[in-house]
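File shown: protein.pdb. Contents: PDB, C-alpha atoms and all ligand atoms.
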```pdb
ATOM      1  CA  MET A   1     -53.710 -15.654  29.067
ATOM      2  CA  ARG A   2     -54.625 -17.316  32.313
ATOM      3  CA  ILE A   3     -51.825 -19.447  33.709
ATOM      4  CA  ALA A   4     -51.524 -21.613  36.798
ATOM      5  CA  VAL A   5     -48.228 -22.220  38.552
ATOM      6  CA  THR A   6     -47.312 -23.866  41.811
ATOM      7  CA  ILE A   7     -44.958 -21.506  43.622
ATOM      8  CA  ASN A   8     -43.154 -22.810  46.697
ATOM      9  CA  GLY A   9     -45.823 -25.478  47.044
ATOM     10  CA  LYS A  10     -48.784 -23.084  46.738
ATOM     11  CA  PRO A  11     -51.078 -23.088  43.700
ATOM     12  CA  MET A  12     -51.177 -19.603  42.136
ATOM     13  CA  SER A  13     -52.716 -18.214  38.987
ATOM     14  CA  ALA A  14     -52.564 -14.971  37.060
ATOM     15  CA  ASP A  15     -53.561 -13.289  33.831
ATOM     16  CA  VAL A  16     -50.421 -12.519  31.855
ATOM     17  CA  GLU A  17     -49.512 -11.056  28.517
ATOM     18  CA  PRO A  18     -47.736 -13.430  26.127
ATOM     19  CA  ARG A  19     -44.564 -11.317  26.525
ATOM     20  CA  THR A  20     -44.541 -11.310  30.346
ATOM     21  CA  LEU A  21     -41.342 -12.767  31.748
ATOM     22  CA  LEU A  22     -41.357 -15.245  34.610
ATOM     23  CA  ALA A  23     -39.209 -12.923  36.740
ATOM     24  CA  TYR A  24     -41.872 -10.208  36.558
ATOM     25  CA  LEU A  25     -44.717 -12.655  37.145
ATOM     26  CA  ILE A  26     -42.980 -13.740  40.349
ATOM     27  CA  ARG A  27     -42.092 -10.233  41.502
ATOM     28  CA  ASP A  28     -44.997  -8.102  40.301
ATOM     29  CA  GLU A  29     -47.959 -10.494  40.370
ATOM     30  CA  PHE A  30     -47.010 -12.702  43.281
ATOM     31  CA  ASN A  31     -44.995 -10.124  45.283
ATOM     32  CA  LEU A  32     -42.104 -12.527  45.800
ATOM     33  CA  THR A  33     -39.406  -9.916  45.506
ATOM     34  CA  GLY A  34     -36.570 -12.119  46.711
ATOM     35  CA  THR A  35     -35.978 -12.982  43.060
ATOM     36  CA  HIS A  36     -33.814 -10.149  41.751
ATOM     37  CA  VAL A  37     -33.430  -8.760  38.250
ATOM     38  CA  GLY A  38     -29.896  -7.579  37.668
ATOM     39  CA  CYS A  39     -29.427  -7.487  33.916
ATOM     40  CA  ASP A  40     -32.517  -8.748  32.037
ATOM     41  CA  THR A  41     -30.140 -10.300  29.492
ATOM     42  CA  THR A  42     -29.378 -13.789  30.909
ATOM     43  CA  SER A  43     -25.957 -12.666  32.111
ATOM     44  CA  CYS A  44     -25.995 -12.271  35.893
ATOM     45  CA  GLY A  45     -28.081 -15.118  37.327
ATOM     46  CA  ALA A  46     -29.663 -12.942  40.051
ATOM     47  CA  CYS A  47     -33.099 -14.011  38.778
ATOM     48  CA  THR A  48     -32.432 -17.764  39.078
ATOM     49  CA  VAL A  49     -35.359 -19.878  40.278
ATOM     50  CA  LEU A  50     -36.079 -23.585  39.974
ATOM     51  CA  MET A  51     -38.656 -24.701  37.421
ATOM     52  CA  ASP A  52     -39.609 -28.338  37.968
ATOM     53  CA  GLY A  53     -36.340 -28.659  39.889
ATOM     54  CA  THR A  54     -34.078 -27.177  37.223
ATOM     55  CA  PRO A  55     -32.414 -23.779  37.726
ATOM     56  CA  VAL A  56     -33.568 -21.278  35.112
ATOM     57  CA  LYS A  57     -32.865 -17.608  34.641
ATOM     58  CA  SER A  58     -36.376 -16.287  35.063
ATOM     59  CA  CYS A  59     -35.627 -13.127  33.052
ATOM     60  CA  THR A  60     -35.318 -15.382  30.023
ATOM     61  CA  VAL A  61     -38.365 -17.588  30.559
ATOM     62  CA  LEU A  62     -41.805 -16.462  29.489
ATOM     63  CA  ALA A  63     -44.454 -16.668  32.182
ATOM     64  CA  VAL A  64     -46.590 -18.780  29.831
ATOM     65  CA  GLN A  65     -43.772 -21.350  29.668
ATOM     66  CA  ALA A  66     -44.167 -21.808  33.420
ATOM     67  CA  ASP A  67     -47.861 -22.715  33.065
ATOM     68  CA  GLY A  68     -48.437 -26.027  34.855
ATOM     69  CA  THR A  69     -44.954 -26.184  36.383
ATOM     70  CA  GLU A  70     -43.642 -26.106  39.940
ATOM     71  CA  VAL A  71     -41.502 -23.071  40.614
ATOM     72  CA  MET A  72     -39.336 -22.618  43.680
ATOM     73  CA  THR A  73     -38.015 -19.205  44.651
ATOM     74  CA  VAL A  74     -35.656 -18.150  47.411
ATOM     75  CA  GLU A  75     -38.683 -17.631  49.681
ATOM     76  CA  GLY A  76     -39.262 -21.388  49.516
ATOM     77  CA  LEU A  77     -35.960 -22.269  51.177
ATOM     78  CA  GLU A  78     -36.788 -21.724  54.836
ATOM     79  CA  HIS A  79     -39.235 -23.994  56.616
ATOM     80  CA  ASN A  80     -41.161 -23.108  59.772
ATOM     81  CA  GLY A  81     -38.776 -20.265  60.531
ATOM     82  CA  GLN A  82     -35.726 -22.507  60.099
ATOM     83  CA  LEU A  83     -33.155 -21.330  57.600
ATOM     84  CA  HIS A  84     -32.020 -23.824  54.983
ATOM     85  CA  PRO A  85     -28.424 -25.018  55.593
ATOM     86  CA  LEU A  86     -27.344 -22.961  52.579
ATOM     87  CA  GLN A  87     -28.831 -19.832  54.113
ATOM     88  CA  GLN A  88     -27.069 -20.703  57.369
ATOM     89  CA  GLY A  89     -23.868 -21.227  55.402
ATOM     90  CA  PHE A  90     -24.082 -17.833  53.704
ATOM     91  CA  TRP A  91     -24.695 -16.298  57.138
ATOM     92  CA  GLU A  92     -21.885 -18.147  58.917
ATOM     93  CA  SER A  93     -19.330 -17.818  56.119
ATOM     94  CA  HIS A  94     -20.159 -14.225  55.211
ATOM     95  CA  GLY A  95     -21.053 -15.382  51.708
ATOM     96  CA  LEU A  96     -22.552 -12.046  50.763
ATOM     97  CA  GLN A  97     -21.894  -8.365  50.914
ATOM     98  CA  CYS A  98     -24.581  -6.317  49.117
ATOM     99  CA  GLY A  99     -26.703  -9.474  48.777
ATOM    100  CA  PHE A 100     -27.999  -8.706  45.307
ATOM    101  CA  CYS A 101     -26.666 -11.925  43.783
ATOM    102  CA  THR A 102     -27.556 -14.029  46.837
ATOM    103  CA  PRO A 103     -31.054 -15.298  45.899
ATOM    104  CA  GLY A 104     -29.713 -16.573  42.580
ATOM    105  CA  MET A 105     -26.639 -18.074  44.238
ATOM    106  CA  LEU A 106     -28.842 -19.834  46.782
ATOM    107  CA  MET A 107     -31.153 -21.324  44.171
ATOM    108  CA  THR A 108     -28.307 -22.452  41.925
ATOM    109  CA  THR A 109     -26.435 -24.088  44.784
ATOM    110  CA  TYR A 110     -29.658 -25.579  46.200
ATOM    111  CA  ALA A 111     -30.133 -27.363  42.871
ATOM    112  CA  LEU A 112     -26.480 -28.445  42.945
ATOM    113  CA  LEU A 113     -26.798 -29.996  46.417
ATOM    114  CA  GLN A 114     -30.030 -31.712  45.420
ATOM    115  CA  ARG A 115     -28.253 -33.602  42.655
ATOM    116  CA  ASN A 116     -24.802 -33.802  44.274
ATOM    117  CA  PRO A 117     -24.714 -33.328  48.060
ATOM    118  CA  ASP A 118     -20.945 -33.860  48.182
ATOM    119  CA  PRO A 119     -19.551 -31.547  45.495
ATOM    120  CA  SER A 120     -15.867 -30.761  45.081
ATOM    121  CA  GLU A 121     -14.720 -27.147  45.131
ATOM    122  CA  THR A 122     -14.321 -27.314  41.352
ATOM    123  CA  THR A 123     -17.881 -28.589  40.975
ATOM    124  CA  ILE A 124     -19.220 -25.774  43.166
ATOM    125  CA  ARG A 125     -17.289 -23.175  41.176
ATOM    126  CA  ARG A 126     -18.520 -24.648  37.908
ATOM    127  CA  ALA A 127     -22.125 -24.694  39.204
ATOM    128  CA  ILE A 128     -22.076 -20.982  40.047
ATOM    129  CA  SER A 129     -20.274 -19.965  36.871
ATOM    130  CA  GLY A 130     -23.542 -18.533  35.501
ATOM    131  CA  ASN A 131     -24.075 -16.392  38.595
ATOM    132  CA  LEU A 132     -22.125 -13.165  38.851
ATOM    133  CA  CYS A 133     -21.107 -11.568  42.133
ATOM    134  CA  ARG A 134     -19.371  -8.233  42.051
ATOM    135  CA  CYS A 135     -18.642  -8.060  45.777
ATOM    136  CA  THR A 136     -17.316 -11.210  47.377
ATOM    137  CA  GLY A 137     -14.655 -12.644  45.101
ATOM    138  CA  TYR A 138     -16.642 -15.924  45.314
ATOM    139  CA  GLN A 139     -14.433 -17.599  47.954
ATOM    140  CA  ASN A 140     -16.903 -17.144  50.805
ATOM    141  CA  ILE A 141     -19.752 -18.319  48.585
ATOM    142  CA  VAL A 142     -17.844 -21.549  47.946
ATOM    143  CA  THR A 143     -17.157 -21.843  51.689
ATOM    144  CA  ALA A 144     -20.874 -21.339  52.404
ATOM    145  CA  VAL A 145     -21.794 -24.216  50.094
ATOM    146  CA  GLN A 146     -19.114 -26.392  51.713
ATOM    147  CA  TYR A 147     -20.637 -25.514  55.111
ATOM    148  CA  ALA A 148     -24.105 -26.542  53.922
ATOM    149  CA  ALA A 149     -23.237 -29.765  52.087
ATOM    150  CA  PRO A 150     -22.736 -32.039  55.147
ATOM    151  CA  LEU A 151     -25.878 -30.597  56.766
ATOM    152  CA  VAL A 152     -27.875 -31.388  53.630
ATOM    153  CA  ARG A 153     -26.415 -34.935  53.580
ATOM    154  CA  GLU A 154     -27.275 -35.386  57.262
ATOM    155  CA  ALA A 155     -30.856 -34.155  56.734
ATOM    156  CA  ARG A 156     -31.207 -36.507  53.793
ATOM    157  CA  THR A 157     -29.977 -39.466  55.872
ATOM    158  CA  LEU A 158     -32.414 -38.643  58.679
ATOM    159  CA  THR A 159     -35.289 -38.376  56.194
ATOM    160  CA  THR A 160     -34.349 -41.768  54.733
ATOM    161  CA  GLU A 161     -34.145 -43.365  58.196
ATOM    162  CA  VAL A 162     -37.502 -41.918  59.257
ATOM    163  CA  GLY A 163     -39.025 -43.186  56.016
ATOM    164  CA  GLU A 164     -37.699 -46.724  56.611
TER     165      GLU A 164
HETATM  166  S1  LIG B 201     -31.598 -10.717  35.574
HETATM  167 FE1  LIG B 201     -31.737 -12.665  34.713
HETATM  168  S2  LIG B 201     -29.709 -13.240  34.299
HETATM  169 FE2  LIG B 201     -29.551 -11.206  35.085
HETATM  170  S1  LIG B 202     -22.856  -9.898  47.306
HETATM  171 FE1  LIG B 202     -22.993  -8.123  46.055
HETATM  172  S2  LIG B 202     -23.190  -8.955  44.056
HETATM  173 FE2  LIG B 202     -22.790 -10.678  45.289
END
```

Output the structure of this file as structure tokens.
Amino acid sequence: MRIAVTINGKPMSADVEPRTLLAYLIRDEFNLTGTHVGCDTTSCGACTVLMDGTPVKSCTVLAVQADGTEVMTVEGLEHNGQLHPLQQGFWESHGLQCGFCTPGMLMTTYALLQRNPDPSETTIRRAISGNLCRCTGYQNIVTAVQYAAPLVREARTLTTEVGE
């Protein structure tokens, strides 16, 4: 089947088998290997991407289900060489060790800050409850999101003011 997907703002298309999973479409067809596959069984969250703004575990979504959608992967976070505040936060707060879970953590928390740019610690912990990290103990990941939240709010305010 021929499918068309917008990935990180760019129109892409590919021929896929009906059984092809979105994670493998992204990694193998589009060479966006920032999306990791840790379990293939919807358990770890390493494969999380946004589909039309909603975080999905791409190892559990068929590529054909993504036909006509907008997908955002971890590669879509930085702009013009500038890290997203969440990426800065993970850097500053040492929110990763091996980094395997990090793309999924970033996409899940990006979606969180899009809908709630001032989350409580409990809300952050609940948001990442579907993303497993075997290295960090989660505390520095929470700290990284807390680092990013005011920067995201500030950027949003500036965008609103410029648009006025
Ligand atoms: S690889 Fe998709 S949830 Fe683990
Ligand atoms: S940093 Fe290693 S799994 Fe999270």

Within-7 Å residues of ligand LIG 201 (chain B), basis all atoms listed in the file, as a list in words: His36, Val37, Gly38, Cys39, Asp40, Thr41, Thr42, Ser43, Cys44, Gly45, Ala46, Cys47, Thr48, Lys57, Ser58, Cys59 and Thr60 of chain A

Who sits within 10 Å of range 11-22 of chain A, only C-alpha atoms, same chain under 2 positions skipped, as a PyMOL selection string: chain A and resi 1-9+24-30+40+47+49+56-68+70-71

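Our summary of the geometry notes that CA of Arg115 in chain A is positioned 18.5 Å from CA of Thr143 in chain A.
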
Leu113 in chain A surroundings by all atoms listed in the file, 9 Å radius, close-in-sequence under 5 positions cut, as JSON, numbers by chain: {"A": [108, 118, 119, 145, 148, 149, 152, 153]}

Please produce, as a tab-separated table, a per-residue contact table for chain A versus ligand LIG 202 (chain B) (criterion: any atom at most 8 Å away, only C-alpha atoms and all ligand atoms considered), showing the nearest atom pair and its distance in Å to one decimal, sorted by chain then residue number.
```
residue	atom	partner	partner_atom	distance
A:Gly95	CA	B:LIG202	S1	7.3
A:Leu96	CA	B:LIG202	S1	4.1
A:Gln97	CA	B:LIG202	S1	4.0
A:Cys98	CA	B:LIG202	FE1	3.9
A:Gly99	CA	B:LIG202	S1	4.1
A:Phe100	CA	B:LIG202	S2	5.0
A:Cys101	CA	B:LIG202	FE2	4.3
A:Thr102	CA	B:LIG202	FE2	6.0
A:Leu132	CA	B:LIG202	S2	6.8
A:Cys133	CA	B:LIG202	FE2	3.7
A:Arg134	CA	B:LIG202	S2	4.4
A:Cys135	CA	B:LIG202	FE1	4.4
A:Thr136	CA	B:LIG202	S1	5.7
```

Dump of range 3-17 of chain A from preceding block, all heavy atoms, as a short mmCIF file (atom, residue, chain, number, x, y, z; two decimals), in the first residue's frame:
```
data_model
loop_
_atom_site.label_atom_id
_atom_site.label_comp_id
_atom_site.auth_asym_id
_atom_site.auth_seq_id
_atom_site.Cartn_x
_atom_site.Cartn_y
_atom_site.Cartn_z
N ILE A 3 1.34 4.92 1.20
CA ILE A 3 0.79 5.83 2.22
C ILE A 3 1.57 7.14 2.20
O ILE A 3 2.73 7.18 1.80
CB ILE A 3 0.82 5.22 3.64
CG1 ILE A 3 2.26 4.94 4.08
CG2 ILE A 3 -0.03 3.99 3.75
CD1 ILE A 3 2.37 4.77 5.56
N ALA A 4 0.90 8.18 2.64
CA ALA A 4 1.53 9.50 2.71
C ALA A 4 1.39 10.01 4.15
O ALA A 4 0.31 9.95 4.74
CB ALA A 4 0.84 10.46 1.74
N VAL A 5 2.49 10.47 4.68
CA VAL A 5 2.51 10.96 6.07
C VAL A 5 3.33 12.24 6.10
O VAL A 5 4.32 12.35 5.37
CB VAL A 5 3.23 9.94 7.01
CG1 VAL A 5 2.96 10.26 8.46
CG2 VAL A 5 2.85 8.53 6.69
N THR A 6 2.92 13.16 6.92
CA THR A 6 3.76 14.34 7.14
C THR A 6 4.59 14.07 8.38
O THR A 6 4.06 13.83 9.46
CB THR A 6 2.89 15.60 7.34
OG1 THR A 6 2.08 15.78 6.18
CG2 THR A 6 3.75 16.84 7.53
N ILE A 7 5.92 14.04 8.20
CA ILE A 7 6.79 13.76 9.34
C ILE A 7 7.60 15.01 9.64
O ILE A 7 8.32 15.52 8.77
CB ILE A 7 7.78 12.61 9.03
CG1 ILE A 7 7.02 11.38 8.56
CG2 ILE A 7 8.65 12.30 10.23
CD1 ILE A 7 6.97 10.22 9.47
N ASN A 8 7.46 15.51 10.84
CA ASN A 8 8.18 16.72 11.27
C ASN A 8 8.03 17.84 10.25
O ASN A 8 8.98 18.54 9.90
CB ASN A 8 9.67 16.41 11.51
CG ASN A 8 9.85 15.32 12.55
OD1 ASN A 8 9.04 15.22 13.48
ND2 ASN A 8 10.88 14.52 12.42
N GLY A 9 6.79 17.95 9.73
CA GLY A 9 6.47 19.04 8.81
C GLY A 9 6.79 18.75 7.35
O GLY A 9 6.47 19.56 6.48
N LYS A 10 7.42 17.59 7.07
CA LYS A 10 7.78 17.29 5.67
C LYS A 10 6.88 16.19 5.12
O LYS A 10 6.76 15.13 5.76
CB LYS A 10 9.23 16.78 5.58
CG LYS A 10 10.25 17.84 5.84
CD LYS A 10 11.64 17.31 5.45
CE LYS A 10 12.70 18.19 6.09
NZ LYS A 10 13.75 17.47 6.77
N PRO A 11 6.30 16.39 3.94
CA PRO A 11 5.49 15.33 3.35
C PRO A 11 6.38 14.15 2.93
O PRO A 11 7.40 14.37 2.27
CB PRO A 11 4.82 15.98 2.14
CG PRO A 11 5.39 17.35 2.02
CD PRO A 11 6.38 17.59 3.11
N MET A 12 6.02 12.95 3.33
CA MET A 12 6.78 11.75 2.98
C MET A 12 5.78 10.70 2.49
O MET A 12 4.62 10.72 2.87
CB MET A 12 7.50 11.17 4.20
CG MET A 12 8.22 12.18 5.05
SD MET A 12 9.89 12.47 4.48
CE MET A 12 10.81 11.59 5.68
N SER A 13 6.28 9.76 1.70
CA SER A 13 5.41 8.66 1.30
C SER A 13 6.25 7.40 1.19
O SER A 13 7.48 7.46 1.08
CB SER A 13 4.70 8.97 -0.02
OG SER A 13 5.65 9.18 -1.03
N ALA A 14 5.56 6.27 1.25
CA ALA A 14 6.27 4.99 1.19
C ALA A 14 5.30 3.89 0.82
O ALA A 14 4.08 4.03 1.03
CB ALA A 14 6.91 4.68 2.55
N ASP A 15 5.86 2.82 0.25
CA ASP A 15 5.07 1.60 0.03
C ASP A 15 5.27 0.72 1.24
O ASP A 15 6.41 0.42 1.61
CB ASP A 15 5.57 0.87 -1.22
CG ASP A 15 5.15 1.59 -2.48
OD1 ASP A 15 3.96 1.96 -2.57
OD2 ASP A 15 6.01 1.82 -3.36
N VAL A 16 4.19 0.31 1.88
CA VAL A 16 4.32 -0.52 3.08
C VAL A 16 3.44 -1.76 2.97
O VAL A 16 2.46 -1.77 2.23
CB VAL A 16 3.90 0.26 4.36
CG1 VAL A 16 4.80 1.46 4.58
CG2 VAL A 16 2.44 0.69 4.31
N GLU A 17 3.83 -2.76 3.72
CA GLU A 17 2.97 -3.94 3.84
C GLU A 17 1.89 -3.62 4.87
O GLU A 17 2.12 -2.81 5.78
CB GLU A 17 3.78 -5.13 4.33
CG GLU A 17 4.79 -5.63 3.30
CD GLU A 17 5.48 -6.88 3.81
OE1 GLU A 17 4.81 -7.77 4.36
OE2 GLU A 17 6.71 -6.94 3.67
#
```
